[in-house]
$ cat my_file-v3.txt   # compact mmCIF, C-alpha atoms
# COMPACT_ATOMS: atom_id res chain seq x y z
CA MET A 1 23.98 -34.71 -1.94
CA ASN A 2 26.02 -31.54 -2.56
CA LEU A 3 25.00 -28.73 -0.17
CA LYS A 4 24.38 -26.23 -2.95
CA VAL A 5 22.13 -28.72 -4.75
CA ARG A 6 20.17 -29.37 -1.53
CA LEU A 7 19.68 -25.66 -0.98
CA ALA A 8 18.73 -25.16 -4.64
CA VAL A 9 15.99 -27.77 -4.21
CA LEU A 10 14.84 -25.92 -1.09
CA SER A 11 14.69 -22.65 -3.01
CA PHE A 12 12.87 -24.30 -5.92
CA LEU A 13 10.16 -25.76 -3.68
CA GLU A 14 9.87 -22.62 -1.52
CA PHE A 15 8.88 -20.43 -4.45
CA ALA A 16 7.05 -23.16 -6.39
CA VAL A 17 4.53 -23.15 -3.53
CA TRP A 18 3.88 -19.45 -4.18
CA GLY A 19 4.01 -19.60 -7.97
CA ALA A 20 1.19 -22.16 -8.12
CA TYR A 21 -1.43 -19.52 -7.30
CA LEU A 22 -0.02 -16.03 -6.79
CA THR A 23 -0.44 -14.74 -10.36
CA CYS A 24 -3.60 -16.67 -11.27
CA MET A 25 -5.66 -16.57 -8.07
CA GLY A 26 -7.49 -13.53 -9.39
CA ILE A 27 -8.79 -15.51 -12.37
CA TYR A 28 -10.28 -18.18 -10.09
CA LEU A 29 -11.82 -15.64 -7.74
CA GLY A 30 -13.43 -13.86 -10.66
CA ARG A 31 -14.82 -17.20 -11.91
CA ILE A 32 -16.63 -17.89 -8.62
CA GLY A 33 -18.04 -14.39 -8.26
CA MET A 34 -15.45 -12.96 -5.88
CA GLY A 35 -13.83 -10.55 -8.31
CA ASN A 36 -14.55 -7.68 -5.95
CA HIS A 37 -12.56 -9.45 -3.22
CA ILE A 38 -9.33 -10.00 -5.15
CA GLY A 39 -7.72 -7.06 -3.37
CA SER A 40 -8.56 -8.54 0.03
CA PHE A 41 -6.87 -11.85 -0.78
CA PHE A 42 -3.68 -10.13 -1.90
CA ALA A 43 -3.76 -7.59 0.92
CA MET A 44 -3.74 -10.43 3.44
CA GLN A 45 -0.18 -11.27 2.35
CA GLY A 46 0.86 -7.78 3.34
CA ILE A 47 -1.10 -7.80 6.59
CA VAL A 48 0.42 -11.02 7.90
CA SER A 49 3.86 -9.83 6.75
CA LEU A 50 3.61 -7.02 9.28
CA PHE A 51 3.99 -9.40 12.23
CA MET A 52 4.28 -13.12 11.37
CA PRO A 53 7.89 -13.12 10.01
CA ALA A 54 9.09 -11.26 13.10
CA LEU A 55 7.16 -13.58 15.43
CA MET A 56 8.49 -16.73 13.76
CA GLY A 57 11.99 -15.18 13.75
CA ILE A 58 11.88 -14.92 17.54
CA VAL A 59 10.70 -18.54 17.82
CA ALA A 60 13.54 -19.69 15.54
CA ASP A 61 16.09 -17.66 17.51
CA ARG A 62 15.07 -18.98 20.93
CA TRP A 63 13.27 -22.30 20.79
CA ILE A 64 12.89 -24.16 17.48
CA PRO A 65 15.75 -24.61 14.94
CA ALA A 66 15.08 -22.62 11.77
CA GLN A 67 14.99 -25.62 9.44
CA ARG A 68 12.50 -27.42 11.73
CA LEU A 69 10.29 -24.34 12.12
CA LEU A 70 10.42 -23.87 8.34
CA GLY A 71 8.99 -27.38 7.99
CA TYR A 72 6.26 -26.87 10.59
CA CYS A 73 5.17 -23.62 8.95
CA HIS A 74 4.92 -25.36 5.58
CA LEU A 75 2.96 -28.23 7.12
CA PHE A 76 0.35 -25.82 8.49
CA ALA A 77 0.39 -23.66 5.35
CA GLY A 78 0.00 -26.69 3.11
CA THR A 79 -2.75 -28.25 5.20
CA PHE A 80 -4.87 -25.10 5.17
CA MET A 81 -4.19 -24.51 1.47
CA ILE A 82 -5.43 -28.03 0.73
CA LEU A 83 -8.50 -27.30 2.88
CA THR A 84 -9.00 -24.12 0.83
CA ALA A 85 -8.94 -26.20 -2.35
CA TRP A 86 -11.28 -28.80 -0.84
CA TYR A 87 -13.80 -26.16 0.20
CA GLY A 88 -13.62 -24.54 -3.23
CA TYR A 89 -14.20 -27.92 -4.88
CA GLN A 90 -17.15 -28.76 -2.63
CA GLN A 91 -18.92 -25.42 -3.01
CA GLY A 92 -17.95 -24.37 -6.54
CA SER A 93 -19.43 -20.99 -7.44
CA HIS A 94 -21.49 -21.09 -4.21
CA ALA A 95 -18.42 -20.77 -2.01
CA GLU A 96 -18.77 -18.19 0.74
CA PHE A 97 -16.16 -15.46 0.88
CA ALA A 98 -15.77 -15.58 4.67
CA ILE A 99 -14.93 -19.30 4.78
CA LEU A 100 -12.67 -19.38 1.71
CA PHE A 101 -10.87 -16.24 2.85
CA ALA A 102 -10.39 -17.56 6.40
CA LEU A 103 -8.84 -20.84 5.23
CA TYR A 104 -6.60 -19.02 2.75
CA SER A 105 -5.57 -16.43 5.36
CA VAL A 106 -4.40 -19.05 7.86
CA SER A 107 -2.34 -20.72 5.14
CA ILE A 108 -0.75 -17.42 4.11
CA ALA A 109 -0.03 -16.51 7.73
CA PHE A 110 2.19 -19.57 8.01
CA TYR A 111 3.67 -19.33 4.51
CA MET A 112 4.94 -15.74 4.54
CA PRO A 113 7.46 -16.33 7.39
CA THR A 114 9.02 -19.18 5.42
CA LEU A 115 10.48 -16.72 2.91
CA ALA A 116 12.79 -15.37 5.61
CA LEU A 117 13.26 -18.75 7.33
CA SER A 118 14.42 -20.41 4.11
CA ASN A 119 17.00 -17.64 3.66
CA SER A 120 18.17 -18.11 7.25
CA VAL A 121 18.62 -21.85 6.70
CA ALA A 122 20.58 -21.24 3.50
CA TYR A 123 22.79 -18.53 5.06
CA HIS A 124 23.63 -20.66 8.10
CA SER A 125 24.32 -23.76 6.00
CA LEU A 126 26.65 -21.92 3.63
CA THR A 127 28.46 -20.16 6.46
CA SER A 128 28.94 -23.44 8.33
CA ALA A 129 30.43 -24.91 5.16
CA ALA A 130 32.89 -21.96 4.98
CA MET A 131 31.38 -20.71 1.71
CA ASP A 132 31.12 -17.09 0.58
CA ILE A 133 27.41 -16.23 0.88
CA VAL A 134 27.65 -13.31 -1.55
CA LYS A 135 28.98 -15.61 -4.27
CA ALA A 136 27.20 -18.85 -3.39
CA PHE A 137 23.66 -17.71 -2.56
CA PRO A 138 22.51 -15.85 -5.73
CA PRO A 139 22.83 -18.91 -8.03
CA ILE A 140 20.89 -20.91 -5.43
CA ARG A 141 18.18 -18.23 -5.21
CA VAL A 142 17.74 -18.28 -8.99
CA PHE A 143 16.24 -21.76 -8.62
CA GLY A 144 13.49 -20.15 -6.58
CA THR A 145 12.44 -18.10 -9.58
CA VAL A 146 12.74 -21.22 -11.74
CA GLY A 147 10.38 -23.04 -9.37
CA PHE A 148 7.95 -20.11 -9.42
CA ILE A 149 7.90 -20.08 -13.23
CA ALA A 150 7.63 -23.87 -13.48
CA MET A 151 4.48 -23.92 -11.36
CA MET A 152 3.00 -20.98 -13.27
CA TRP A 153 3.41 -22.97 -16.48
CA LEU A 154 2.14 -26.23 -14.99
CA VAL A 155 -0.99 -24.64 -13.54
CA ASP A 156 -1.75 -22.80 -16.77
CA ILE A 157 -1.15 -25.79 -19.07
CA LEU A 158 -3.40 -27.97 -16.88
CA ASN A 159 -6.01 -25.19 -16.90
CA TYR A 160 -5.91 -25.03 -13.10
CA GLU A 161 -5.80 -21.23 -13.16
CA GLN A 162 -9.57 -21.42 -13.68
CA ASN A 163 -10.31 -23.43 -10.53
CA GLN A 164 -9.31 -24.34 -6.98
CA ASN A 165 -6.73 -26.92 -8.08
CA GLN A 166 -4.08 -24.20 -8.06
CA PHE A 167 -4.42 -24.20 -4.26
CA LEU A 168 -4.21 -27.99 -4.20
CA VAL A 169 -0.91 -27.93 -6.11
CA SER A 170 0.46 -25.31 -3.71
CA GLY A 171 -0.66 -27.26 -0.66
CA ILE A 172 0.87 -30.52 -1.86
CA LEU A 173 4.18 -28.78 -2.54
CA SER A 174 4.16 -27.27 0.97
CA VAL A 175 3.62 -30.67 2.56
CA LEU A 176 6.38 -32.10 0.37
CA LEU A 177 8.68 -29.33 1.54
CA PHE A 178 7.80 -30.15 5.16
CA PHE A 179 9.24 -33.64 4.66
CA TYR A 180 12.22 -32.27 2.72
CA THR A 181 13.25 -30.04 5.64
CA PHE A 182 14.23 -33.15 7.59
CA THR A 183 17.14 -33.56 5.17
CA LEU A 184 18.49 -30.04 5.73
CA PRO A 185 21.46 -29.13 7.97
CA GLN A 186 20.71 -28.38 11.60
CA CYS A 187 20.46 -24.70 12.55
CA PRO A 188 21.24 -23.61 16.12
CA VAL A 189 18.99 -21.77 18.53
CA ASN A 190 20.22 -19.05 20.86
CA LYS A 191 21.06 -20.89 24.09
CA SER A 192 22.95 -17.97 25.63
CA GLY A 193 21.47 -15.52 28.06
CA GLU A 194 21.12 -12.94 25.31
CA LYS A 195 17.52 -12.38 24.35
CA ARG A 196 16.06 -10.34 21.54
CA SER A 197 12.84 -8.45 22.09
CA PHE A 198 10.06 -8.45 19.54
CA ILE A 199 11.03 -4.93 18.54
CA GLU A 200 14.65 -5.97 18.00
CA ALA A 201 13.75 -9.08 16.03
CA SER A 202 11.27 -7.26 13.84
CA GLY A 203 13.65 -4.42 13.11
CA LEU A 204 11.30 -1.78 14.51
CA GLN A 205 14.18 0.03 16.22
CA ALA A 206 15.17 1.09 12.71
CA PHE A 207 12.23 3.51 12.78
CA SER A 208 14.66 5.88 14.46
CA LEU A 209 16.01 6.40 10.93
CA PHE A 210 12.91 8.47 10.19
CA LYS A 211 14.56 11.22 12.23
CA GLN A 212 16.90 11.67 9.26
CA LYS A 213 15.12 13.59 6.48
CA LYS A 214 16.94 11.70 3.73
CA MET A 215 16.01 8.28 5.12
CA ALA A 216 12.46 9.32 5.91
CA ILE A 217 11.99 10.38 2.28
CA PHE A 218 13.56 7.16 1.03
CA PHE A 219 11.36 4.87 3.11
CA VAL A 220 8.19 6.79 2.29
CA PHE A 221 8.90 6.51 -1.43
CA SER A 222 9.80 2.84 -0.97
CA MET A 223 6.29 2.33 0.32
CA LEU A 224 4.70 4.43 -2.42
CA LEU A 225 6.48 2.50 -5.16
CA GLY A 226 5.94 -0.84 -3.45
CA VAL A 227 2.23 -0.29 -3.98
CA CYS A 228 2.74 -1.04 -7.68
CA LEU A 229 3.77 -4.67 -7.23
CA GLN A 230 0.46 -6.03 -5.93
CA ILE A 231 -1.48 -4.24 -8.65
CA THR A 232 -0.20 -6.53 -11.39
CA ASN A 233 0.04 -9.61 -9.17
CA GLY A 234 -3.65 -9.32 -8.43
CA PHE A 235 -5.14 -8.01 -11.65
CA ALA A 236 -2.85 -8.64 -14.65
CA THR A 237 -4.02 -12.20 -15.37
CA PRO A 238 -7.74 -11.47 -14.76
CA PHE A 239 -7.32 -8.59 -17.21
CA ILE A 240 -5.78 -10.81 -19.88
CA ASP A 241 -8.32 -13.55 -19.16
CA HIS A 242 -11.27 -11.21 -19.81
CA PHE A 243 -10.39 -11.19 -23.52
CA LYS A 244 -11.84 -14.73 -23.73
CA ALA A 245 -15.27 -13.12 -23.91
CA ILE A 246 -14.26 -11.21 -27.05
CA PRO A 247 -14.54 -13.49 -30.13
CA GLU A 248 -11.77 -11.61 -31.94
CA TYR A 249 -9.24 -12.57 -29.26
CA ALA A 250 -10.68 -15.77 -27.75
CA ASP A 251 -8.30 -18.10 -29.61
CA ALA A 252 -5.13 -16.03 -29.10
CA PHE A 253 -2.28 -17.88 -27.35
CA SER A 254 -1.92 -15.20 -24.68
CA VAL A 255 -5.62 -15.48 -23.85
CA LYS A 256 -5.58 -19.27 -23.68
CA TYR A 257 -2.46 -19.22 -21.49
CA PRO A 258 -2.44 -15.89 -19.60
CA VAL A 259 -0.21 -17.24 -16.82
CA VAL A 260 2.40 -18.43 -19.32
CA LEU A 261 2.43 -14.94 -20.80
CA TYR A 262 2.75 -13.45 -17.33
CA SER A 263 5.70 -15.74 -16.59
CA VAL A 264 7.76 -13.66 -19.03
CA SER A 265 7.84 -11.14 -16.17
CA GLN A 266 9.62 -13.62 -13.90
CA ILE A 267 11.99 -14.69 -16.68
CA SER A 268 12.86 -11.03 -17.23
CA GLU A 269 13.32 -10.59 -13.49
CA THR A 270 15.93 -13.36 -13.49
CA CYS A 271 17.83 -11.80 -16.39
CA CYS A 272 17.69 -8.21 -15.11
CA ILE A 273 19.43 -9.17 -11.89
CA LEU A 274 22.57 -9.55 -14.00
CA LEU A 275 22.27 -5.95 -15.22
CA ILE A 276 22.27 -4.38 -11.76
CA PRO A 277 26.07 -4.17 -11.22
CA PHE A 278 26.62 -2.37 -14.55
CA PHE A 279 23.81 0.14 -14.06
CA MET A 280 24.68 0.78 -10.43
CA LYS A 281 28.30 1.62 -11.25
CA ARG A 282 27.47 3.67 -14.31
CA TYR A 283 24.38 5.59 -13.22
CA GLY A 284 24.25 5.43 -9.41
CA ILE A 285 21.52 4.56 -6.95
CA LYS A 286 19.14 7.46 -7.50
CA ASN A 287 19.09 7.12 -11.28
CA VAL A 288 18.68 3.35 -11.13
CA MET A 289 15.70 3.76 -8.81
CA LEU A 290 14.26 6.37 -11.15
CA ILE A 291 14.63 3.94 -14.04
CA ALA A 292 12.59 1.46 -12.00
CA MET A 293 9.89 4.01 -11.26
CA PHE A 294 9.43 5.02 -14.88
CA ALA A 295 9.56 1.36 -15.88
CA TRP A 296 6.40 0.93 -13.82
CA VAL A 297 4.81 3.74 -15.84
CA LEU A 298 5.58 1.84 -19.05
CA ARG A 299 4.48 -1.46 -17.50
CA PHE A 300 1.02 -0.12 -16.74
CA GLY A 301 0.70 2.04 -19.85
CA LEU A 302 1.51 -0.83 -22.21
CA LEU A 303 -1.05 -3.06 -20.52
CA GLY A 304 -3.64 -0.33 -21.06
CA MET A 305 -2.82 0.11 -24.75
CA GLY A 306 -2.19 -3.51 -25.73
CA ASN A 307 -4.43 -6.36 -26.81
CA PRO A 308 -3.92 -10.07 -27.56
CA GLY A 309 -4.08 -9.47 -31.31
CA SER A 310 -2.03 -6.87 -33.16
CA GLY A 311 -1.11 -5.28 -29.83
CA VAL A 312 0.24 -8.41 -28.17
CA TRP A 313 3.76 -7.03 -28.53
CA MET A 314 2.79 -4.39 -25.97
CA PHE A 315 1.82 -7.12 -23.52
CA ILE A 316 5.12 -8.91 -24.07
CA LEU A 317 7.12 -5.69 -23.74
CA SER A 318 5.24 -4.89 -20.54
CA MET A 319 6.24 -8.27 -19.13
CA ILE A 320 9.88 -7.72 -20.08
CA ILE A 321 9.89 -4.26 -18.51
CA TYR A 322 8.68 -5.78 -15.25
CA GLY A 323 12.16 -7.20 -14.66
CA VAL A 324 13.60 -3.68 -14.66
CA ALA A 325 10.74 -2.25 -12.59
CA PHE A 326 11.05 -4.90 -9.88
CA ASP A 327 14.79 -5.62 -9.69
CA PHE A 328 16.12 -2.10 -10.12
CA PHE A 329 14.02 -0.81 -7.25
CA ASN A 330 14.32 -3.70 -4.79
CA ILE A 331 18.01 -4.43 -5.22
CA SER A 332 19.20 -0.83 -5.55
CA GLY A 333 17.04 0.17 -2.57
CA SER A 334 18.53 -2.61 -0.46
CA LEU A 335 22.05 -1.57 -1.48
CA PHE A 336 21.35 2.05 -0.60
CA VAL A 337 20.17 1.05 2.85
CA ASP A 338 23.24 -1.11 3.41
CA LYS A 339 25.56 1.70 2.32
CA VAL A 340 24.22 4.67 4.26
CA VAL A 341 22.97 3.38 7.61
CA ASP A 342 25.08 2.72 10.67
CA PRO A 343 26.48 -0.86 10.66
CA GLY A 344 24.67 -1.59 13.90
CA LEU A 345 21.32 -0.86 12.26
CA ARG A 346 21.87 -2.52 8.89
CA CYS A 347 19.83 -5.64 9.57
CA SER A 348 17.08 -3.65 11.23
CA ALA A 349 17.04 -1.14 8.37
CA GLN A 350 16.73 -3.97 5.84
CA GLY A 351 13.82 -5.27 7.88
CA LEU A 352 12.20 -1.84 7.80
CA PHE A 353 12.70 -1.65 4.03
CA MET A 354 10.88 -4.99 3.67
CA LEU A 355 8.18 -3.89 6.11
CA MET A 356 7.47 -0.75 4.07
CA THR A 357 7.46 -2.53 0.69
CA ASN A 358 6.10 -6.03 1.41
CA GLY A 359 3.94 -5.17 4.39
CA ILE A 360 2.38 -1.73 4.30
CA ALA A 361 2.73 -1.16 0.55
CA ALA A 362 1.37 -4.58 -0.38
CA THR A 363 -1.67 -4.03 1.83
CA VAL A 364 -2.39 -0.50 0.62
CA GLY A 365 -1.71 -1.44 -3.01
CA SER A 366 -4.10 -4.39 -2.98
CA PHE A 367 -7.00 -2.50 -1.44
CA THR A 368 -6.44 0.60 -3.58
CA ALA A 369 -6.20 -1.38 -6.82
CA GLN A 370 -9.38 -3.25 -5.91
CA ALA A 371 -11.19 0.02 -5.25
CA ILE A 372 -10.16 1.44 -8.63
CA VAL A 373 -11.15 -1.73 -10.52
CA THR A 374 -14.48 -1.85 -8.68
CA GLU A 375 -15.11 1.81 -9.50
CA HIS A 376 -14.61 1.03 -13.19
CA THR A 377 -16.77 -2.09 -13.20
CA ALA A 378 -20.12 -1.71 -14.96
CA VAL A 379 -23.42 -3.21 -13.82
CA ASP A 380 -23.01 -6.08 -16.30
CA GLY A 381 -19.64 -6.97 -14.76
CA SER A 382 -17.46 -5.58 -17.55
CA VAL A 383 -14.41 -3.58 -16.50
CA ALA A 384 -12.95 -0.51 -18.22
CA TRP A 385 -9.51 -2.05 -17.89
CA SER A 386 -7.62 0.51 -19.98
CA ASN A 387 -8.77 3.33 -17.72
CA CYS A 388 -7.58 1.38 -14.68
CA TRP A 389 -4.11 0.78 -16.13
CA TYR A 390 -3.79 4.45 -17.14
CA ILE A 391 -4.66 5.51 -13.58
CA PHE A 392 -1.97 3.18 -12.23
CA ALA A 393 0.50 4.57 -14.79
CA VAL A 394 -0.23 8.16 -13.78
CA TYR A 395 0.27 7.20 -10.14
CA ALA A 396 3.70 5.69 -10.88
CA LEU A 397 4.60 8.77 -12.94
CA VAL A 398 3.70 11.15 -10.11
CA VAL A 399 5.73 9.09 -7.64
CA GLY A 400 8.70 9.04 -10.00
CA VAL A 401 8.67 12.80 -10.64
CA ALA A 402 8.25 13.57 -6.95
CA PHE A 403 11.13 11.24 -6.07
CA ALA A 404 13.39 12.93 -8.64
CA VAL A 405 12.67 16.32 -7.11
CA VAL A 406 12.61 15.49 -3.40
CA PHE A 407 15.20 12.74 -2.93
CA ARG A 408 18.69 14.24 -2.90
CA PRO A 409 21.33 11.91 -1.42
CA LYS A 410 24.85 13.20 -0.89
CA LYS A 411 27.17 12.95 -3.86
CA GLU A 412 29.28 10.23 -2.26
CA GLU A 413 26.12 8.19 -1.62
CA VAL A 414 24.88 8.30 -5.19
CA MET A 415 27.42 5.85 -6.60
CA VAL A 416 28.11 2.33 -5.35
$ encode --input "my_file-v3.txt" --output "structure tokens"
Amino acid sequence: MNLKVRLAVLSFLEFAVWGAYLTCMGIYLGRIGMGNHIGSFFAMQGIVSLFMPALMGIVADRWIPAQRLLGYCHLFAGTFMILTAWYGYQQGSHAEFAILFALYSVSIAFYMPTLALSNSVAYHSLTSAAMDIVKAFPPIRVFGTVGFIAMMWLVDILNYEQNQNQFLVSGILSVLLFFYTFTLPQCPVNKSGEKRSFIEASGLQAFSLFKQKKMAIFFVFSMLLGVCLQITNGFATPFIDHFKAIPEYADAFSVKYPVVLYSVSQISETCCILLIPFFMKRYGIKNVMLIAMFAWVLRFGLLGMGNPGSGVWMFILSMIIYGVAFDFFNISGSLFVDKVVDPGLRCSAQGLFMLMTNGIAATVGSFTAQAIVTEHTAVDGSVAWSNCWYIFAVYALVVGVAFAVVFRPKKEEVMV
């Protein structure tokens, strides 16, 4: 099989595993009486991202080939995700938070490192085949988003977003990917005397960049804006799903298939990647990042104002805007880091950027969003959702305005 096709299948399965539950897990948790723990489930992804990718990176560098370790991680992740589904099936609405959360957490701890490991496998394979990674990898990575969307649709159409079967689908895909890794090209381990410490592998030496005021400001705002991502991952579909209790909206398409509606966000994300080069050349890094920040304001504000009836266009527009909010920040931020840091620290700086956004920000964002939703939950279980979304919008607005005032890169660093 053609190498690019093999890697495209890898990318498809890698993100299909995640797409089966990431955007609809909150609906299931709310159904079994764990709505006040949604933030904890999503925060765990950030917590394990603080150390597991770095730890598995060291193992892949020194002892176990990356493609083999990728398979082992998926085997463990899939097994524990299937156990999560089994426990949820056995206990139904009587499931205990501690047990369900523990099984899920072990699965996530092994899944999160595979995001980096799958990239490492793809990069090594393409390099070994004398291919240009910059040109060859993006089309391969697009299949990851396709896989994510495909599983979102499948789970929603089968009505699995309401129950534990979403975890079962994810677990089966992980086990399937474990077997698929045996078909991937061999990746080398470091057999030389050179050893990388945990700090080197995790990119923690890049914290020296905080000595530079400009970079300190950039990384702090990266964390502050990264908070926004887990808010909608955790609570957007439960919010849309709550309209089922309102007779006026119960039969609306977006209410029957909230995950399908949410998938418009991922479709937009795929399309907006193509806009980055134009906007970066025309408006520069700072302005592109500001566009992303204010896109988050619109994302949250439209969710607060919309409804599945006459206001469904606001929901759809909010989903489309997500592509700008996510891509313009993540890609432009990564490019800024690559451009301004010393070449010897580029990889470490990229690791720090991911640590701030996917680790710390994801954790803080999940717990904070949960606290706000809980604060606006009435005794009867109803949530003042509009107020929550407006609070999130104001937060993004404050971050955006502060960034515009405080962040002042040199003129030659503004344009790429």
$ residues_around --input "my_file-v3.txt" --residues "A:Gly234" --least-positions-apart "2" --cutoff "9 Å" --atoms "all atoms listed in the file" --output "NGL selection string"
:A and (22-27 or 38-39 or 41-42 or 229-232 or 236-238 or 366 or 369-370)
$ residues_around --input "my_file-v3.txt" --residues "A:Ile32" --least-positions-apart "3" --cutoff "10 Å" --atoms "all atoms listed in the file" --output "ChimeraX atom specification"
/A:27-29,35,88,91-97,162-164
$ axis_aligned_box --input "my_file-v3.txt" --around "stretch 23-34 of chain A" --padding-each-side "3 Å" --output "AutoDock Vina command-line options"
--center_x -9.2 --center_y -15.6 --center_z -9.1 --size_x 23.6 --size_y 11.2 --size_z 12.5
$ atom_distance --input "my_file-v3.txt" --atom1 "atom CA of A:Val59" --atom2 "atom CA of A:Val189"
8.9 Å
$ atom_distance --input "my_file-v3.txt" --atom1 "atom CA of A:Phe221" --atom2 "atom CA of A:Phe278"
23.8 Å
$ closest_residue --input "my_file-v3.txt" --among "A:Gly323, A:Pro65, A:Gly359, A:Gly381" --to "A:Leu275" --atoms "only C-alpha atoms"
A:Gly323
$ atom_distance --input "my_file-v3.txt" --atom1 "atom CA of A:Leu225" --atom2 "atom CA of A:Gln166"
28.9 Å
$ closest_residue --input "my_file-v3.txt" --among "A:Leu302, A:Phe403, A:Ser107, A:Met293" --to "A:Tyr390" --atoms "all atoms listed in the file"
A:Leu302
